[in-house]
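Note: the block below is data.cif and it holds mmCIF, C-alpha atoms.
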```cif
data_query
#
loop_
_atom_site.label_atom_id
_atom_site.label_comp_id
_atom_site.auth_asym_id
_atom_site.auth_seq_id
_atom_site.Cartn_x
_atom_site.Cartn_y
_atom_site.Cartn_z
CA MET Z 1 -94.87 -79.07 -84.06
CA ALA Z 2 -91.25 -78.13 -84.69
CA VAL Z 3 -88.30 -80.49 -84.32
CA PRO Z 4 -85.99 -79.30 -81.53
CA PRO Z 5 -82.82 -77.72 -82.97
CA ARG Z 6 -79.57 -79.59 -82.51
CA LEU Z 7 -77.64 -78.18 -79.55
CA LYS Z 8 -74.20 -77.03 -80.63
CA LEU Z 9 -71.81 -76.60 -77.72
CA THR Z 10 -68.05 -76.33 -77.56
CA ARG Z 11 -66.20 -78.30 -74.92
CA ASP Z 12 -65.27 -75.00 -73.23
CA GLN Z 13 -68.99 -74.21 -72.87
CA LEU Z 14 -69.76 -77.68 -71.53
CA ALA Z 15 -66.92 -77.33 -69.03
CA SER Z 16 -68.67 -74.28 -67.55
CA PHE Z 17 -71.27 -76.53 -65.87
CA LEU Z 18 -69.91 -80.11 -66.09
CA GLN Z 19 -67.39 -81.51 -63.64
CA ASP Z 20 -64.83 -83.42 -65.68
CA PHE Z 21 -63.87 -84.71 -69.14
CA GLU Z 22 -65.81 -87.96 -68.70
CA GLN Z 23 -69.05 -86.03 -68.13
CA ILE Z 24 -68.31 -83.83 -71.16
CA LYS Z 25 -67.94 -86.97 -73.30
CA GLN Z 26 -71.23 -88.32 -71.91
CA PHE Z 27 -72.97 -85.05 -72.70
CA GLU Z 28 -71.61 -85.03 -76.28
CA LYS Z 29 -72.67 -88.66 -76.77
CA LEU Z 30 -76.13 -87.86 -75.37
CA PHE Z 31 -76.76 -85.15 -77.99
CA ALA Z 32 -75.24 -87.28 -80.77
CA THR Z 33 -77.89 -89.88 -79.91
CA VAL Z 34 -80.59 -87.23 -79.87
CA ASP Z 35 -79.49 -86.15 -83.35
CA THR Z 36 -80.02 -89.68 -84.72
CA ILE Z 37 -83.66 -89.58 -83.63
CA SER Z 38 -84.19 -85.92 -84.43
CA THR Z 39 -87.55 -86.61 -86.07
CA VAL Z 40 -89.11 -87.07 -82.62
CA THR Z 41 -91.44 -84.12 -82.12
CA LEU Z 42 -91.37 -82.65 -78.60
CA ASP Z 43 -93.79 -80.04 -77.31
CA ASP Z 44 -92.39 -77.20 -75.20
CA ILE Z 45 -88.96 -78.86 -74.69
CA SER Z 46 -86.07 -76.42 -74.87
CA LEU Z 47 -82.40 -77.33 -74.90
CA ALA Z 48 -81.19 -73.76 -74.73
CA ALA Z 49 -79.14 -74.50 -71.63
CA GLY Z 50 -75.96 -74.66 -73.64
CA ASN Z 51 -74.89 -71.09 -73.19
CA ALA Z 52 -71.62 -70.82 -71.32
CA GLY Z 53 -73.29 -69.12 -68.41
CA ALA Z 54 -76.15 -71.63 -68.14
CA ASP Z 55 -76.76 -73.13 -64.75
CA ALA Z 56 -76.17 -76.89 -64.54
CA ASN Z 57 -79.41 -77.34 -62.62
CA ASP Z 58 -81.36 -75.73 -65.48
CA ALA Z 59 -79.62 -78.01 -67.99
CA LEU Z 60 -80.41 -81.14 -65.99
CA ALA Z 61 -84.04 -80.05 -65.53
CA GLN Z 62 -84.41 -79.78 -69.30
CA ILE Z 63 -82.79 -83.18 -69.80
CA VAL Z 64 -85.32 -84.69 -67.37
CA ALA Z 65 -88.09 -83.13 -69.46
CA LEU Z 66 -86.56 -84.68 -72.59
CA LYS Z 67 -86.48 -88.07 -70.89
CA ALA Z 68 -90.17 -87.81 -69.99
CA ALA Z 69 -91.03 -86.93 -73.56
CA LEU Z 70 -89.07 -89.83 -74.98
CA GLU Z 71 -90.88 -92.21 -72.69
CA LEU Z 72 -94.04 -91.50 -74.70
CA LEU Z 73 -93.06 -94.11 -77.27
CA ASP Z 74 -96.19 -93.65 -79.31
CA ARG Z 75 -94.85 -90.26 -80.33
CA ALA Z 76 -91.51 -91.61 -81.51
CA PRO Z 77 -91.14 -92.72 -85.14
CA ALA Z 78 -90.30 -96.28 -86.11
CA SER Z 79 -86.68 -95.24 -86.76
CA ALA Z 80 -86.24 -94.45 -83.04
CA THR Z 81 -85.39 -97.93 -81.86
CA THR Z 82 -85.85 -99.20 -78.32
CA GLU Z 83 -82.08 -99.64 -78.05
CA GLN Z 84 -81.47 -96.00 -78.98
CA ILE Z 85 -84.00 -94.75 -76.49
CA ASP Z 86 -82.63 -97.02 -73.73
CA ASP Z 87 -79.11 -95.78 -74.47
CA LEU Z 88 -80.27 -92.18 -74.25
CA GLN Z 89 -82.05 -92.83 -70.94
CA ASP Z 90 -78.92 -94.52 -69.53
CA GLN Z 91 -76.86 -91.44 -70.40
CA ILE Z 92 -79.42 -89.15 -68.79
CA ALA Z 93 -79.36 -91.28 -65.62
CA ALA Z 94 -75.54 -91.09 -65.55
CA LEU Z 95 -75.67 -87.29 -65.77
CA GLN Z 96 -78.29 -87.08 -63.04
CA GLN Z 97 -76.10 -89.13 -60.71
CA SER Z 98 -73.08 -86.89 -61.24
CA PRO Z 99 -71.99 -84.64 -58.34
CA PRO Z 100 -73.67 -81.22 -58.32
CA PRO Z 101 -71.62 -78.28 -59.62
CA LYS Z 102 -69.43 -76.49 -57.11
CA GLU Z 103 -70.91 -73.40 -55.54
CA TYR Z 104 -69.14 -70.39 -54.11
CA ILE Z 105 -70.24 -68.19 -51.25
CA THR Z 106 -70.05 -64.42 -51.47
CA PRO Z 107 -67.16 -63.07 -49.36
CA ARG Z 108 -68.19 -61.31 -46.15
CA PHE Z 109 -66.60 -58.04 -45.05
CA GLY Z 110 -67.06 -55.04 -42.81
CA SER Z 111 -65.26 -51.76 -42.17
CA PHE Z 112 -66.09 -49.70 -39.05
CA TYR Z 113 -64.67 -46.77 -37.11
CA ASP Z 114 -65.43 -44.40 -34.24
CA THR Z 115 -65.25 -40.60 -34.37
CA THR Z 116 -65.24 -39.94 -30.61
CA ASP Z 117 -62.64 -40.05 -27.84
CA GLN Z 118 -62.98 -43.18 -25.71
CA THR Z 119 -61.96 -43.12 -22.06
CA ALA Z 120 -61.90 -45.58 -19.20
CA ALA Z 121 -63.79 -44.81 -15.97
CA VAL Z 122 -61.75 -47.11 -13.74
CA ILE Z 123 -58.18 -48.39 -14.13
CA ASN Z 124 -57.43 -52.10 -14.49
CA THR Z 125 -60.95 -52.75 -15.77
CA ALA Z 126 -61.99 -54.24 -19.12
CA TYR Z 127 -63.97 -52.00 -21.48
CA ALA Z 128 -65.32 -52.79 -24.95
CA ILE Z 129 -64.24 -50.47 -27.76
CA THR Z 130 -67.29 -49.03 -29.54
CA PHE Z 131 -67.89 -48.07 -33.17
CA ASN Z 132 -70.30 -45.34 -34.25
CA THR Z 133 -69.85 -45.57 -38.03
CA THR Z 134 -70.15 -48.33 -40.62
CA ASP Z 135 -68.09 -47.66 -43.73
CA LEU Z 136 -68.63 -50.87 -45.74
CA SER Z 137 -70.54 -54.00 -44.81
CA TYR Z 138 -71.75 -57.28 -46.26
CA GLY Z 139 -72.61 -60.02 -43.79
CA VAL Z 140 -70.54 -58.35 -41.03
CA THR Z 141 -72.48 -55.80 -38.98
CA ARG Z 142 -72.47 -53.72 -35.81
CA GLY Z 143 -74.82 -54.94 -33.13
CA SER Z 144 -76.17 -53.57 -29.86
CA PRO Z 145 -74.15 -52.41 -28.02
CA THR Z 146 -72.09 -51.08 -30.90
CA SER Z 147 -68.95 -52.77 -29.60
CA ARG Z 148 -70.33 -56.09 -30.89
CA ILE Z 149 -69.48 -57.10 -34.45
CA TYR Z 150 -71.70 -59.91 -35.77
CA VAL Z 151 -71.16 -62.28 -38.70
CA ASP Z 152 -73.91 -64.03 -40.66
CA SER Z 153 -71.80 -66.86 -42.10
CA SER Z 154 -69.54 -69.51 -40.56
CA ASN Z 155 -65.92 -69.04 -41.58
CA ILE Z 156 -62.49 -67.92 -40.40
CA TYR Z 157 -62.38 -64.12 -40.17
CA ASN Z 158 -59.38 -61.83 -40.37
CA VAL Z 159 -59.88 -59.04 -37.82
CA GLN Z 160 -57.58 -56.04 -38.20
CA PHE Z 161 -57.63 -52.79 -36.28
CA SER Z 162 -55.68 -49.61 -35.63
CA ALA Z 163 -56.33 -47.53 -32.50
CA GLN Z 164 -54.99 -44.01 -31.93
CA VAL Z 165 -53.77 -44.04 -28.29
CA VAL Z 166 -52.74 -40.94 -26.33
CA ASN Z 167 -51.22 -40.42 -22.88
CA THR Z 168 -52.51 -37.18 -21.33
CA SER Z 169 -51.26 -37.88 -17.79
CA GLY Z 170 -47.91 -36.13 -17.39
CA GLY Z 171 -44.52 -37.58 -18.25
CA GLY Z 172 -44.93 -40.97 -16.61
CA ALA Z 173 -45.08 -44.26 -18.47
CA HIS Z 174 -48.55 -45.78 -18.62
CA ARG Z 175 -49.91 -48.92 -20.23
CA ILE Z 176 -52.83 -50.03 -22.37
CA TRP Z 177 -53.85 -53.65 -23.10
CA ILE Z 178 -56.00 -54.68 -26.08
CA TRP Z 179 -57.45 -58.14 -26.84
CA PRO Z 180 -60.46 -59.82 -28.54
CA ARG Z 181 -63.46 -61.31 -26.79
CA LYS Z 182 -65.79 -63.72 -28.67
CA ASN Z 183 -69.41 -64.21 -27.58
CA GLY Z 184 -68.57 -62.65 -24.21
CA THR Z 185 -65.48 -64.80 -23.51
CA ASN Z 186 -61.88 -63.61 -23.75
CA VAL Z 187 -59.90 -65.30 -26.53
CA PRO Z 188 -57.02 -67.11 -24.77
CA ASP Z 189 -53.44 -65.85 -25.25
CA SER Z 190 -54.54 -62.86 -27.32
CA SER Z 191 -53.68 -59.69 -25.35
CA THR Z 192 -50.92 -57.19 -26.12
CA VAL Z 193 -49.66 -54.29 -23.98
CA ILE Z 194 -48.23 -50.95 -25.09
CA ARG Z 195 -46.36 -48.61 -22.72
CA ILE Z 196 -46.66 -44.87 -23.48
CA GLN Z 197 -44.33 -42.34 -21.91
CA GLY Z 198 -44.52 -38.55 -22.15
CA ASN Z 199 -47.31 -36.02 -21.77
CA ASN Z 200 -49.67 -35.83 -24.78
CA THR Z 201 -47.73 -38.59 -26.52
CA GLU Z 202 -49.55 -40.52 -29.21
CA THR Z 203 -48.97 -44.00 -30.56
CA VAL Z 204 -50.89 -46.45 -32.72
CA ALA Z 205 -51.91 -49.92 -31.59
CA ALA Z 206 -52.41 -52.02 -34.71
CA TRP Z 207 -52.45 -55.79 -35.22
CA ASN Z 208 -54.80 -58.53 -36.31
CA PHE Z 209 -56.44 -61.79 -35.21
CA LEU Z 210 -57.86 -64.82 -36.99
CA LEU Z 211 -61.16 -65.80 -35.39
CA LYS Z 212 -63.18 -68.90 -36.24
CA MET Z 213 -66.78 -67.72 -36.18
CA ASN Z 214 -70.14 -69.43 -36.62
CA ALA Z 215 -73.16 -67.72 -38.15
CA GLY Z 216 -74.66 -65.41 -35.50
CA ASP Z 217 -71.44 -65.14 -33.44
CA TYR Z 218 -70.04 -61.79 -32.41
CA PHE Z 219 -66.72 -60.48 -31.16
CA GLU Z 220 -65.53 -57.35 -29.38
CA LEU Z 221 -62.19 -55.59 -28.97
CA MET Z 222 -61.50 -55.04 -25.28
CA TRP Z 223 -59.10 -52.59 -23.63
CA GLU Z 224 -57.69 -51.85 -20.20
CA VAL Z 225 -55.41 -49.09 -18.85
CA ASP Z 226 -53.39 -48.59 -15.68
CA ASP Z 227 -53.91 -44.80 -15.76
CA LEU Z 228 -57.01 -42.81 -16.73
CA GLY Z 229 -54.83 -40.44 -18.76
CA VAL Z 230 -54.48 -43.16 -21.41
CA GLN Z 231 -57.29 -42.73 -23.92
CA LEU Z 232 -58.36 -43.61 -27.45
CA LEU Z 233 -58.06 -40.33 -29.31
CA ALA Z 234 -60.20 -38.97 -32.16
CA ASP Z 235 -59.05 -35.81 -33.93
CA PRO Z 236 -60.95 -33.63 -36.43
CA ALA Z 237 -59.87 -33.07 -40.00
CA THR Z 238 -57.68 -30.13 -40.96
CA ALA Z 239 -57.26 -28.33 -44.24
CA VAL Z 240 -54.48 -30.80 -45.01
CA HIS Z 241 -55.41 -34.24 -43.66
CA PRO Z 242 -58.64 -36.15 -42.97
CA ALA Z 243 -60.04 -36.76 -39.50
CA ILE Z 244 -58.45 -39.38 -37.23
CA PRO Z 245 -60.89 -41.96 -35.83
CA SER Z 246 -60.13 -43.28 -32.36
CA ILE Z 247 -60.43 -46.84 -33.77
CA ILE Z 248 -60.58 -48.32 -37.29
CA LEU Z 249 -61.65 -51.94 -37.73
CA THR Z 250 -61.79 -54.13 -40.85
CA VAL Z 251 -63.17 -57.68 -40.93
CA THR Z 252 -62.95 -60.12 -43.87
CA ASP Z 253 -63.42 -63.84 -44.39
CA ASN Z 254 -60.96 -64.10 -47.29
CA VAL Z 255 -58.40 -66.20 -45.40
CA SER Z 256 -60.14 -69.55 -45.96
CA SER Z 257 -61.68 -71.34 -48.93
CA LEU Z 258 -64.90 -69.86 -50.24
CA GLU Z 259 -65.75 -73.08 -52.06
CA VAL Z 260 -68.74 -75.03 -50.82
#
```
Can you present the structure in this file as structure tokens?
Amino acid sequence: MAVPPRLKLTRDQLASFLQDFEQIKQFEKLFATVDTISTVTLDDISLAAGNAGADANDALAQIVALKAALELLDRAPASATTEQIDDLQDQIAALQQSPPPKEYITPRFGSFYDTTDQTAAVINTAYAITFNTTDLSYGVTRGSPTSRIYVDSSNIYNVQFSAQVVNTSGGGAHRIWIWPRKNGTNVPDSSTVIRIQGNNTETVAAWNFLLKMNAGDYFELMWEVDDLGVQLLADPATAVHPAIPSIILTVTDNVSSLEV
């Protein structure tokens, strides 16, 4: 049975899975003690967790295995004193009681758009803007109906959109309102109005919201017009420029801490 090789780690490598300098010192002392009783033969015990990318949980699991092996005193030589073994076990216990390593969640995001004109059937009525295309998505998805955008993780989400608005109803001035609705309820104090004047006049409505969302929540972008000539316009591509979606939406959760 082979003697386990001495684990050689730099402090930079230890810092990749230990929390602070005190724990690094404990870890170094632990393996210094192990080195003094290196004649202990251990079956199937690996201390290969010292690579800079090693997971702290794997390292601690191997230390627990080492502790169990050392408790079999009949396998330790006479030179491995009770005091040395007790000291080693105390150090292992201190490491096990240390806080777990910090974890980080994967950022959530979604990018969506719609390639069709969207019109209102009745003035002064709320309608949900729909999306028929998903561009990019991780944890943020279109639901059913496709106006609903769901998130799978609790966080604060940055919701940004740009809508191509057109007035096709003569030269008069007409208005469009846009606001967010979360889980079927209007977000208070969130609406904005744009007045469009002139036949076949286009403008872009573009702003953003911060929405605190729980896992499984959804939101919608709502709109209202005071004239049916005000529409969300989609235009095809030309030989020069790409197509114009009637609405483009991006959603990210990068505005708050991703640390767990």
Could you tell me which of Z:Leu232, Z:Val240, Z:Ile156, Z:Ala121 comes closest to Z:Met213 if we count all atoms listed in the file?
-> Z:Ile156
What is the distance between atom CA of Z:Val122 and atom CA of Z:Thr203, in Å to one decimal?
->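 Between atom CA of Z:Val122 and atom CA of Z:Thr203 the gap works out to 21.4 Å.
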Distance of atom CA of Z:Gly229 from atom CA of Z:Gln197, expressed in Å to one decimal place =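 Atom CA of Z:Gln197 sits 11.1 Å away from atom CA of Z:Gly229.
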I need the residue set behind the PyMOL selection byres ((chain Z and resi 214) around 10) for this file; please write it as a list of chain:residue names.
->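 When the PyMOL selection byres ((chain Z and resi 214) around 10) is applied to the shown file, the picked residues are Z:Tyr150, Z:Val151, Z:Asp152, Z:Ser153, Z:Ser154, Z:Asn155, Z:Ile156, Z:Leu211, Z:Lys212, Z:Met213, Z:Ala215, Z:Gly216, Z:Asp217, Z:Tyr218.
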In Å, how far is it from atom CA of Z:Trp223 to atom CA of Z:Thr185?
->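 Pair atom CA of Z:Trp223 / atom CA of Z:Thr185 returns 13.8 Å.
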Which residues are close to Z:Leu249, i.e. within 9 Å by only C-alpha atoms, leaving aside same-chain residues fewer than 5 positions away? Reply as an mmCIF file with C-alpha atoms, in the frame of the given file.
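Wrote out.cif, looks like this:
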```cif
data_model
loop_
_atom_site.group_PDB
_atom_site.id
_atom_site.type_symbol
_atom_site.label_atom_id
_atom_site.label_comp_id
_atom_site.auth_asym_id
_atom_site.auth_seq_id
_atom_site.Cartn_x
_atom_site.Cartn_y
_atom_site.Cartn_z
ATOM 1 C CA GLY Z 110 -67.060 -55.040 -42.810
ATOM 2 C CA SER Z 111 -65.260 -51.760 -42.170
ATOM 3 C CA PHE Z 112 -66.090 -49.700 -39.050
ATOM 4 C CA TYR Z 113 -64.670 -46.770 -37.110
ATOM 5 C CA PHE Z 131 -67.890 -48.070 -33.170
ATOM 6 C CA VAL Z 159 -59.880 -59.040 -37.820
ATOM 7 C CA GLN Z 160 -57.580 -56.040 -38.200
ATOM 8 C CA PHE Z 161 -57.630 -52.790 -36.280
ATOM 9 C CA SER Z 162 -55.680 -49.610 -35.630
ATOM 10 C CA ALA Z 163 -56.330 -47.530 -32.500
#
```
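Closest approach to Z:Phe219 among Z:Asn199, Z:Thr125, Z:Gln118, Z:Asn183 is made by Z:Asn183 (distances from only C-alpha atoms).
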Kindly indicate which residue among Z:Ser169, Z:Thr119, Z:Thr192, Z:Thr106 lies nearest to Z:Asn254, using only C-alpha atoms for the distances.
-> Z:Thr106
Using the chain letters and numbers from the file, which residues does the PyMOL selection byres ((chain Z and resi 114-116) around 6) grab, as a list in words?
-> Tyr113, Asp117, Phe131, Asn132, Thr133, Ala234, Pro245, Ser246 and Ile247 of chain Z
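Proximity ranking of Z:Val251, Z:Ala173, Z:Ala237, Z:Met222 relative to Z:Asn200 places Z:Ala173 first, based on all atoms listed in the file.
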Would you translate the PyMOL selection byres ((chain Z and resi 176) around 12) into the concrete set of residues it matches in this file, as a compact mmCIF listing (two decimals) with C-alpha atoms, in the frame of the given file?
```
# COMPACT_ATOMS: atom_id res chain seq x y z
CA THR Z 119 -61.96 -43.12 -22.06
CA ALA Z 120 -61.90 -45.58 -19.20
CA ILE Z 123 -58.18 -48.39 -14.13
CA ASN Z 124 -57.43 -52.10 -14.49
CA THR Z 125 -60.95 -52.75 -15.77
CA ALA Z 126 -61.99 -54.24 -19.12
CA TYR Z 127 -63.97 -52.00 -21.48
CA ALA Z 163 -56.33 -47.53 -32.50
CA GLN Z 164 -54.99 -44.01 -31.93
CA VAL Z 165 -53.77 -44.04 -28.29
CA VAL Z 166 -52.74 -40.94 -26.33
CA ASN Z 167 -51.22 -40.42 -22.88
CA ALA Z 173 -45.08 -44.26 -18.47
CA HIS Z 174 -48.55 -45.78 -18.62
CA ARG Z 175 -49.91 -48.92 -20.23
CA TRP Z 177 -53.85 -53.65 -23.10
CA ILE Z 178 -56.00 -54.68 -26.08
CA TRP Z 179 -57.45 -58.14 -26.84
CA SER Z 191 -53.68 -59.69 -25.35
CA THR Z 192 -50.92 -57.19 -26.12
CA VAL Z 193 -49.66 -54.29 -23.98
CA ILE Z 194 -48.23 -50.95 -25.09
CA ARG Z 195 -46.36 -48.61 -22.72
CA ILE Z 196 -46.66 -44.87 -23.48
CA GLN Z 197 -44.33 -42.34 -21.91
CA THR Z 203 -48.97 -44.00 -30.56
CA VAL Z 204 -50.89 -46.45 -32.72
CA ALA Z 205 -51.91 -49.92 -31.59
CA MET Z 222 -61.50 -55.04 -25.28
CA TRP Z 223 -59.10 -52.59 -23.63
CA GLU Z 224 -57.69 -51.85 -20.20
CA VAL Z 225 -55.41 -49.09 -18.85
CA ASP Z 226 -53.39 -48.59 -15.68
CA ASP Z 227 -53.91 -44.80 -15.76
CA LEU Z 228 -57.01 -42.81 -16.73
CA GLY Z 229 -54.83 -40.44 -18.76
CA VAL Z 230 -54.48 -43.16 -21.41
CA GLN Z 231 -57.29 -42.73 -23.92
CA LEU Z 232 -58.36 -43.61 -27.45
```
One residue among Z:Arg181, Z:Gln89, Z:Ala206, Z:Tyr104 is nearest to Z:Thr250 when using all atoms listed in the file, and that residue is Z:Ala206
